[in-house]
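A.B. asks: Got a structure here, written out as structure tokens. Questions coming.
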Amino acid sequence: MQFRSRLESLMRNLLRKHEVDADLEEELESYATMLADERVAGGICRPEARRSTLAELGGIEHIKQSVRDGRTGITFELLWQDIRLALRQLRKSPGFTITAVFTLTLAIGANAVVFGVLNALILRPLNVPQAESLFVVQHGSDVASHSYPDYLDLRQRNRSFDDLAVFAISQSGLDTGKDPSNVWQYETSGNYFDTLRIQPYLGRFFHDSDVHGPNSAPYVVLSYAYWHGHFQDDRTVVGRVVRLNRHPFTILGVAPPGFQGTILFFVSDIFVPVVNHEQLFGDKMILNARGIRWMFEMVGRLKPGVTPAQATADLNSVDSYLKKSYPKEESNDPYTLARPGLHGDYLNGPTRTFLTGLMLLSGLILLAACANLGSLFAARAADRSREVALRLALGSSRNRILRQLFTESVLLSLAGGVAGLVASILLLRRLSVWQPFPRFPLHVPVSPDANVYLVALVLALVSGALFGIVPVRQILRANPYEIVKAGSTGAFGRRITARDVLLVVQIAICAVLVTSSMVAVRGLMRSMHSNFGFEPRNAMLVDTDLTTAGYSGEKVPAMQRRMIDAIQAIPGVDSVGSVNYPPLEPPGTWQGLVYTDTTEDLSPSNAAADPNMFNISPDYFRASGTSLLAGQSLLMA
């Protein structure tokens with residue numbers, strides 16, 4: 001009841017202020033008149049009675065101010081007065097206001113952008129239920145180095161995971177009956193979606209019960225984005241048969257919005273069971289050979305109460321058994337766990353380190369901006385010293401003046417924070433759709449969320465406090481009488497010391513930032529002019545994968561020869577060569593170049609080729625502009 005009464009009083013004082021003031025003035029006037037009437041009845045004339053009554057009360061205005069100071073909600077009223085006065089002061093100095101807001105926009109915007117990327121890639125969990133219990137299993141230093149038979153043994157023998165699933169990324173040709181196109185896909189174990197505990201948006205997922213051995217599950221699950229973009233939200237796609245690498249596959253369902261796989265930066269179009277790898281690519285070894293550690297990434301969900309350390313020990317105990325059973329196929333690398341989303345520790349560690357360094361640099365930019373604005377505020381306080389002195393002489397408290405200056409700084413910081421946040425949101429959204437490598441569906445999922453908004457607000461308030469605190473010492477030590485006598489330089493002579501300190505801080509921070517930028521730019525220029533072993537100028541790279549078009553066996557090298565001859569016949573083409581992998585994208589540790597006379601399949605999906613070798617065709621050295629350091633090239637056409 002008391003709370004309700006105070007709330008009603010607060011709302012009345014805030015929303016009906018003039019009516020409350022009129023009631024107070026009427027009540028005080030009535031009380032003063034009553035006291036004056038008593039004195040008139042005692043024989044005193046009315047003018048003298050009223051004068052003595054007002055003298056005894058101490059003045060009507062003084063009483064009214066005392067009553068106002070004790071009202072419920074006076075804090076909000078004073079704050080509103082400070083805000084209005086601050087806005088008037090800032091409007092009177094447009095140059096200062098624009099400079100301060102622009103400076104804060106750049107500083108806070110830079111911090112918000114870097115934190116947005118850090119939040120999306122490091123802090124934000126994977127978009128699956130109970131993501132905290134989900135881990136990827138690493139074998140040695142590479143997260144994607146598991147053989148399929150090892151996965152089956154680990155899944156069956158471990159005691160720490162509710163389930164383990166594997167997936168690999170590959171590319172296929174999808175024909176829906178209209179325009180065939182290449183799609184990027186996750187080849188997954190049958191329990192992949194069950195392990196992640198996600199539900200389909202449309203139709204259903206494939207499960208372990210759908211898998212009965214090699215080539216037994218010709219099913220496709222579409223990602224929501226691919227379904228939306230290529231099937232125009234057609235809900236009748238479920239059950240439709242499409243052709244994947246010229247083989248019939250049935251669409252079972254559509255994944256939920258926002259889910260495109262368990263690697264954050266890789267956008268998958270479809271999901272297919274890995275047991276159909278032989279059907280898609282003509283490779284029988286991937287699912288059977290224990291020694292072939294293909295690009296499988298293993299993900300598992302820990303059982304309740306099991307720690308990552310216990311799970312790691314459990315996996316390595318199973319690994320010890322496998323090493324004894326298969327000493328020739330198994331490696332000595334231990335098993336470890338890592339958080340999913342960034343290809344395990346292979347990218348998680350470097351990404352975290354890089355973004356932390358960027359966050360520190362952006363923090364230095366914000367400090368430099370605060371130091372700059374602090375010096376501007378000190379100079380502004382010095383210019384307003386006579387105004388401050390007059391207010392002090394007229395009875396205003398130093399706390400009220402400081403509160404007014406803080407209000408100005410907070411308003412500026414909030415304006416800069418809002419502008420910086422808007423700029424960061426626009427930039428982050430552009431980054432979310434940016435595709436750095438057109439050949440691959442790589443995207444940076446950095447759409448801003450509530451965490452980014454909160455950080456921008458905190459940065460704005462902290463920035464306002466940092467540069468708003470600079471004039472405090474000047475105000476506290478101000479002598480209004482000396483200022484009035486000496487002009488605007490009387491009491492603030494020491495401001496030069498504070499401003500000099502801020503200037504030194506700005507120079508130091510800017511020196512660090514400029515030096516870091518120059519080192520980064522110099523490193524970038526060096527990398528751009530490095531000796532790659534080939535000449536990229538006047539060279540064109542054509543990416544082909546004949547497997548996705550249904551070519552296999554002896555048809556592949558014949559088609560490759562036809563393609564080389566056709567390109568060679570184009571006017572202006574000097575030489576043509578083929579290679580199974582571009583030189584800067586080797587699948588494993590580079591060991592050498594192997595000559596092939598194009599009687600072998602040069603496509604990257606050919607598992608017969610050594611994954612650590614470049615298989616090249618005649619005239620490759622000439623086409624790539626590569627010169628031999630010693631010996632003689634035998635690859636001349």
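Every chain in the structure tokens takes a letter, A first, then B, and so on in the order presented; its residues are numbered from 1, and the ligands are numbered from 1 following the presented order.
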Quick one: contact table of region 176-267 of chain A to region 338-354 of chain A, 7 Å max, nearest atom pair and distance in Å to one decimal per residue, counting only C-alpha atoms, chain and number order, as a tab-separated table?
C.D. replies:
residue	atom	partner	partner_atom	distance
A:Thr262	CA	A:Gly341	CA	5.6
A:Ile263	CA	A:Gly341	CA	4.4
A:Leu264	CA	A:Gly341	CA	4.9
A.B. asks: Keeping N, CA and C atoms for every residue in the selection just given, could you write it to a file as a short mmCIF file (atom, residue, chain, number, x, y, z; two decimals), in the first residue's frame?
C.D. replies:
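Output below, filename selection_16.cif:
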data_model
loop_
_atom_site.label_atom_id
_atom_site.label_comp_id
_atom_site.auth_asym_id
_atom_site.auth_seq_id
_atom_site.Cartn_x
_atom_site.Cartn_y
_atom_site.Cartn_z
N THR A 262 27.97 -27.79 -38.56
CA THR A 262 28.68 -27.62 -37.29
C THR A 262 30.02 -26.91 -37.45
N ILE A 263 30.24 -26.28 -38.59
CA ILE A 263 31.37 -25.38 -38.76
C ILE A 263 30.79 -24.00 -39.04
N LEU A 264 31.08 -23.05 -38.18
CA LEU A 264 30.38 -21.76 -38.21
C LEU A 264 30.52 -21.03 -39.53
#
A.B. asks: According to DSSP computed on the backbone, where in region 204-384 of chain A is there helix (DSSP H, G or I)? Give the residues as a PyMOL selection string.
C.D. replies: chain A and resi 208-210+224-230+235-237+274-281+308-325+345-383
A.B. asks: Excluding Val458 (chain A) and residues on its chain fewer than 5 positions from it, collect all residues at most 10 Å away from it, counting only C-alpha atoms, and give them as a short mmCIF file (atom, residue, chain, number, x, y, z; two decimals) with N, CA, C and O atoms, in the first residue's frame.
C.D. replies:
data_model
loop_
_atom_site.label_atom_id
_atom_site.label_comp_id
_atom_site.auth_asym_id
_atom_site.auth_seq_id
_atom_site.Cartn_x
_atom_site.Cartn_y
_atom_site.Cartn_z
N ILE A 108 33.93 3.81 -30.71
CA ILE A 108 32.98 2.82 -30.21
C ILE A 108 32.55 1.88 -31.33
O ILE A 108 32.36 0.68 -31.12
N LEU A 414 26.63 8.87 -25.32
CA LEU A 414 25.49 8.09 -25.79
C LEU A 414 25.20 8.37 -27.26
O LEU A 414 24.89 7.44 -28.03
N GLY A 417 27.85 6.61 -29.05
CA GLY A 417 27.63 5.18 -28.95
C GLY A 417 26.53 4.70 -29.88
O GLY A 417 26.65 3.66 -30.54
N VAL A 452 26.20 -7.51 -28.31
CA VAL A 452 26.86 -6.39 -29.00
C VAL A 452 26.23 -5.06 -28.57
O VAL A 452 26.93 -4.08 -28.32
N TYR A 453 24.90 -5.03 -28.48
CA TYR A 453 24.23 -3.80 -28.06
C TYR A 453 24.64 -3.42 -26.64
O TYR A 453 24.88 -2.24 -26.34
N SER A 463 33.10 5.57 -21.58
CA SER A 463 33.80 6.65 -22.28
C SER A 463 33.36 8.00 -21.74
O SER A 463 34.20 8.89 -21.49
N GLY A 464 32.06 8.19 -21.53
CA GLY A 464 31.58 9.45 -20.97
C GLY A 464 32.15 9.72 -19.61
O GLY A 464 32.50 10.87 -19.27
#
A.B. asks: What lies within 12 Å of Ile286 (chain A) using only C-alpha atoms, ignoring chain neighbours under 2 positions off, as a PyMOL selection string?
C.D. replies: chain A and resi 146-150+168+187+214+274-279+281-284+288-296+605-608
A.B. asks: Looking at only C-alpha atoms, which of A:Ile270, A:Leu405, A:Val237, A:Ala255 is the one that sits closest to Ser172 (chain A)?
C.D. replies: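 Ranking A:Ile270, A:Leu405, A:Val237, A:Ala255 by distance to Ser172 (chain A), first place goes to A:Ile270.
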A.B. asks: In region 299-330 of chain A, what's strand (DSSP E or B) per DSSP? Answer as JSON, numbers by chain?
C.D. replies: {"A": [299, 300, 301, 302]}
A.B. asks: Kindly save the residues from that selection, with N, CA and C atoms included, as a PDB file, in the first residue's frame.
C.D. replies:
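Printed below is again25.pdb as written:
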ATOM      1  N   VAL A 299      32.179 -35.385 -33.916  1.00  0.00           N
ATOM      2  CA  VAL A 299      31.534 -34.557 -32.918  1.00  0.00           C
ATOM      3  C   VAL A 299      30.709 -35.459 -32.000  1.00  0.00           C
ATOM      4  N   GLY A 300      30.735 -35.160 -30.711  1.00  0.00           N
ATOM      5  CA  GLY A 300      30.014 -35.988 -29.750  1.00  0.00           C
ATOM      6  C   GLY A 300      29.426 -35.172 -28.619  1.00  0.00           C
ATOM      7  N   ARG A 301      28.442 -35.756 -27.964  1.00  0.00           N
ATOM      8  CA  ARG A 301      27.784 -35.091 -26.833  1.00  0.00           C
ATOM      9  C   ARG A 301      28.077 -35.888 -25.568  1.00  0.00           C
ATOM     10  N   LEU A 302      28.686 -35.200 -24.597  1.00  0.00           N
ATOM     11  CA  LEU A 302      29.068 -35.862 -23.355  1.00  0.00           C
ATOM     12  C   LEU A 302      27.838 -36.277 -22.558  1.00  0.00           C
TER      13      LEU A 302
END
A.B. asks: How many Å separate CA of Ser216 (chain A) from CA of Met285 (chain A)?
C.D. replies: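 Distance reported for this atom pair: 16.4 Å.
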A.B. asks: Considering only C-alpha atoms, state which residue in the set A:Tyr224, A:Asn111, A:Asn127, A:Ser268 is at the smallest distance from Val183 (chain A).
C.D. replies: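 Of A:Tyr224, A:Asn111, A:Asn127, A:Ser268, the one nearest Val183 (chain A) is A:Ser268, counting only C-alpha atoms.
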A.B. asks: Tell me which protein, DNA and RNA residues are within 12 Å of Pro248 (chain A), counting only C-alpha atoms, leaving out same-chain ones fewer than 3 positions away, and put them as a list of chain:residue names.
C.D. replies: A:Gly173, A:Leu174, A:Asp175, A:Thr176, A:Gly177, A:Asn215, A:Ala217, A:Pro218, A:Tyr219, A:Val220, A:Gly239, A:Arg240, A:Val241, A:Val242, A:Arg243, A:Leu244, A:Asn245, A:Ile251, A:Asn276, A:Gln279, A:Leu280, A:Gly550
A.B. asks: I need the chosen residues saved as a PDB file, in the first residue's frame, with N, CA, C and O atoms.
C.D. replies:
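File produced: selection17.pdb:
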ATOM      1  N   GLY A 173      27.283 -32.432 -57.862  1.00  0.00           N
ATOM      2  CA  GLY A 173      26.428 -31.791 -58.850  1.00  0.00           C
ATOM      3  C   GLY A 173      24.982 -32.179 -58.604  1.00  0.00           C
ATOM      4  O   GLY A 173      24.648 -33.368 -58.600  1.00  0.00           O
ATOM      5  N   LEU A 174      24.124 -31.192 -58.376  1.00  0.00           N
ATOM      6  CA  LEU A 174      22.720 -31.438 -58.063  1.00  0.00           C
ATOM      7  C   LEU A 174      21.856 -31.022 -59.254  1.00  0.00           C
ATOM      8  O   LEU A 174      21.928 -29.886 -59.720  1.00  0.00           O
ATOM      9  N   ASP A 175      21.021 -31.954 -59.717  1.00  0.00           N
ATOM     10  CA  ASP A 175      20.108 -31.697 -60.827  1.00  0.00           C
ATOM     11  C   ASP A 175      18.689 -31.860 -60.317  1.00  0.00           C
ATOM     12  O   ASP A 175      18.261 -32.963 -59.951  1.00  0.00           O
ATOM     13  N   THR A 176      17.960 -30.741 -60.264  1.00  0.00           N
ATOM     14  CA  THR A 176      16.579 -30.773 -59.791  1.00  0.00           C
ATOM     15  C   THR A 176      15.573 -30.836 -60.929  1.00  0.00           C
ATOM     16  O   THR A 176      14.371 -30.724 -60.691  1.00  0.00           O
ATOM     17  N   GLY A 177      16.079 -31.012 -62.148  1.00  0.00           N
ATOM     18  CA  GLY A 177      15.188 -31.053 -63.296  1.00  0.00           C
ATOM     19  C   GLY A 177      15.179 -29.767 -64.072  1.00  0.00           C
ATOM     20  O   GLY A 177      14.621 -29.706 -65.177  1.00  0.00           O
ATOM     21  N   ASN A 215      25.870 -47.463 -49.763  1.00  0.00           N
ATOM     22  CA  ASN A 215      24.904 -47.044 -50.788  1.00  0.00           C
ATOM     23  C   ASN A 215      23.463 -47.427 -50.437  1.00  0.00           C
ATOM     24  O   ASN A 215      22.644 -47.649 -51.336  1.00  0.00           O
ATOM     25  N   ALA A 217      21.406 -45.532 -48.397  1.00  0.00           N
ATOM     26  CA  ALA A 217      20.574 -44.412 -47.948  1.00  0.00           C
ATOM     27  C   ALA A 217      20.663 -43.249 -48.933  1.00  0.00           C
ATOM     28  O   ALA A 217      21.299 -42.226 -48.654  1.00  0.00           O
ATOM     29  N   PRO A 218      20.028 -43.353 -50.091  1.00  0.00           N
ATOM     30  CA  PRO A 218      20.069 -42.261 -51.080  1.00  0.00           C
ATOM     31  C   PRO A 218      19.100 -41.140 -50.705  1.00  0.00           C
ATOM     32  O   PRO A 218      18.078 -40.924 -51.369  1.00  0.00           O
ATOM     33  N   TYR A 219      19.434 -40.431 -49.631  1.00  0.00           N
ATOM     34  CA  TYR A 219      18.550 -39.387 -49.113  1.00  0.00           C
ATOM     35  C   TYR A 219      19.280 -38.055 -49.057  1.00  0.00           C
ATOM     36  O   TYR A 219      20.512 -37.998 -48.910  1.00  0.00           O
ATOM     37  N   VAL A 220      18.501 -36.987 -49.144  1.00  0.00           N
ATOM     38  CA  VAL A 220      19.036 -35.630 -49.084  1.00  0.00           C
ATOM     39  C   VAL A 220      18.208 -34.818 -48.108  1.00  0.00           C
ATOM     40  O   VAL A 220      16.973 -34.909 -48.104  1.00  0.00           O
ATOM     41  N   GLY A 239       9.958 -35.641 -50.478  1.00  0.00           N
ATOM     42  CA  GLY A 239       9.600 -36.812 -51.266  1.00  0.00           C
ATOM     43  C   GLY A 239       9.997 -36.717 -52.720  1.00  0.00           C
ATOM     44  O   GLY A 239       9.941 -37.723 -53.446  1.00  0.00           O
ATOM     45  N   ARG A 240      10.422 -35.521 -53.177  1.00  0.00           N
ATOM     46  CA  ARG A 240      10.820 -35.358 -54.565  1.00  0.00           C
ATOM     47  C   ARG A 240      12.176 -36.023 -54.799  1.00  0.00           C
ATOM     48  O   ARG A 240      13.063 -35.991 -53.931  1.00  0.00           O
ATOM     49  N   VAL A 241      12.352 -36.604 -55.974  1.00  0.00           N
ATOM     50  CA  VAL A 241      13.617 -37.259 -56.329  1.00  0.00           C
ATOM     51  C   VAL A 241      14.452 -36.300 -57.172  1.00  0.00           C
ATOM     52  O   VAL A 241      13.968 -35.754 -58.175  1.00  0.00           O
ATOM     53  N   VAL A 242      15.675 -36.064 -56.749  1.00  0.00           N
ATOM     54  CA  VAL A 242      16.632 -35.257 -57.500  1.00  0.00           C
ATOM     55  C   VAL A 242      17.821 -36.143 -57.843  1.00  0.00           C
ATOM     56  O   VAL A 242      17.959 -37.256 -57.335  1.00  0.00           O
ATOM     57  N   ARG A 243      18.687 -35.632 -58.704  1.00  0.00           N
ATOM     58  CA  ARG A 243      19.851 -36.417 -59.113  1.00  0.00           C
ATOM     59  C   ARG A 243      21.110 -35.742 -58.574  1.00  0.00           C
ATOM     60  O   ARG A 243      21.359 -34.571 -58.837  1.00  0.00           O
ATOM     61  N   LEU A 244      21.873 -36.509 -57.822  1.00  0.00           N
ATOM     62  CA  LEU A 244      23.117 -36.039 -57.222  1.00  0.00           C
ATOM     63  C   LEU A 244      24.252 -36.807 -57.866  1.00  0.00           C
ATOM     64  O   LEU A 244      24.341 -38.053 -57.723  1.00  0.00           O
ATOM     65  N   ASN A 245      25.119 -36.068 -58.595  1.00  0.00           N
ATOM     66  CA  ASN A 245      26.153 -36.716 -59.413  1.00  0.00           C
ATOM     67  C   ASN A 245      25.524 -37.784 -60.323  1.00  0.00           C
ATOM     68  O   ASN A 245      26.044 -38.893 -60.469  1.00  0.00           O
ATOM     69  N   ILE A 251      14.567 -36.328 -51.448  1.00  0.00           N
ATOM     70  CA  ILE A 251      14.596 -35.252 -50.448  1.00  0.00           C
ATOM     71  C   ILE A 251      13.705 -35.664 -49.280  1.00  0.00           C
ATOM     72  O   ILE A 251      12.495 -35.877 -49.440  1.00  0.00           O
ATOM     73  N   ASN A 276      26.802 -43.373 -48.676  1.00  0.00           N
ATOM     74  CA  ASN A 276      26.627 -43.322 -50.128  1.00  0.00           C
ATOM     75  C   ASN A 276      27.798 -42.656 -50.831  1.00  0.00           C
ATOM     76  O   ASN A 276      27.673 -42.244 -51.991  1.00  0.00           O
ATOM     77  N   GLN A 279      28.785 -44.432 -54.073  1.00  0.00           N
ATOM     78  CA  GLN A 279      27.865 -44.166 -55.167  1.00  0.00           C
ATOM     79  C   GLN A 279      28.103 -42.795 -55.778  1.00  0.00           C
ATOM     80  O   GLN A 279      28.048 -42.633 -56.997  1.00  0.00           O
ATOM     81  N   LEU A 280      28.405 -41.812 -54.940  1.00  0.00           N
ATOM     82  CA  LEU A 280      28.579 -40.449 -55.419  1.00  0.00           C
ATOM     83  C   LEU A 280      29.908 -40.253 -56.131  1.00  0.00           C
ATOM     84  O   LEU A 280      29.986 -39.550 -57.141  1.00  0.00           O
ATOM     85  N   GLY A 550      29.106 -36.750 -63.366  1.00  0.00           N
ATOM     86  CA  GLY A 550      28.828 -38.155 -63.639  1.00  0.00           C
ATOM     87  C   GLY A 550      29.941 -38.895 -64.346  1.00  0.00           C
ATOM     88  O   GLY A 550      29.764 -40.072 -64.703  1.00  0.00           O
TER      89      GLY A 550
END
A.B. asks: Which residue, A:Gln171, A:Thr626, A:Ser447, A:Ser516, has the smallest gap to Arg429 (chain A) when you use only C-alpha atoms?
C.D. replies: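 Checking each of A:Gln171, A:Thr626, A:Ser447, A:Ser516 against Arg429 (chain A), counting only C-alpha atoms, the winner is A:Ser447.
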A.B. asks: Could you tell me how far CA of Thr312 (chain A) sits from CA of Phe135 (chain A), in Å to one decimal place?
C.D. replies: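 Separation between CA of Phe135 (chain A) and CA of Thr312 (chain A): 10.7 Å.
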A.B. asks: Please, what distance in Å, to one decimal, runs between CA of Leu426 (chain A) and CA of Met359 (chain A)?
C.D. replies: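 A separation of 19.1 Å between them.
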A.B. asks: For Val221 (chain A), list every protein, DNA or RNA residue within 12 Å, evaluated using only C-alpha atoms, and leave out those in the same chain fewer than 5 positions away; present the list as an MDAnalysis selection string.
C.D. replies: chainID A and resid 185:188 190 192:193 199:207 226:227 237:242 249:256 259:261 268:273
A.B. asks: Counting only C-alpha atoms, what is within 12 Å of Thr307 (chain A), bar same-chain residues fewer than 6 positions away, as a ChimeraX atom specification?
C.D. replies: /A:132-135,159-161,301,313-314,337
A.B. asks: Name the closest residue to Leu411 (chain A) among the candidates A:Ala465, A:Val455, A:Ile507, A:Ala49; distances are taken between atoms, counting only C-alpha atoms.
C.D. replies: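 Nearest to Leu411 (chain A): A:Ala465.
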A.B. asks: Between A:Leu121, A:Val542, A:Val521, A:Ile44, which has the minimum distance to Pro582 (chain A) (counting only C-alpha atoms)?
C.D. replies: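 Using only C-alpha atoms, Pro582 (chain A) sits closest to A:Val542.
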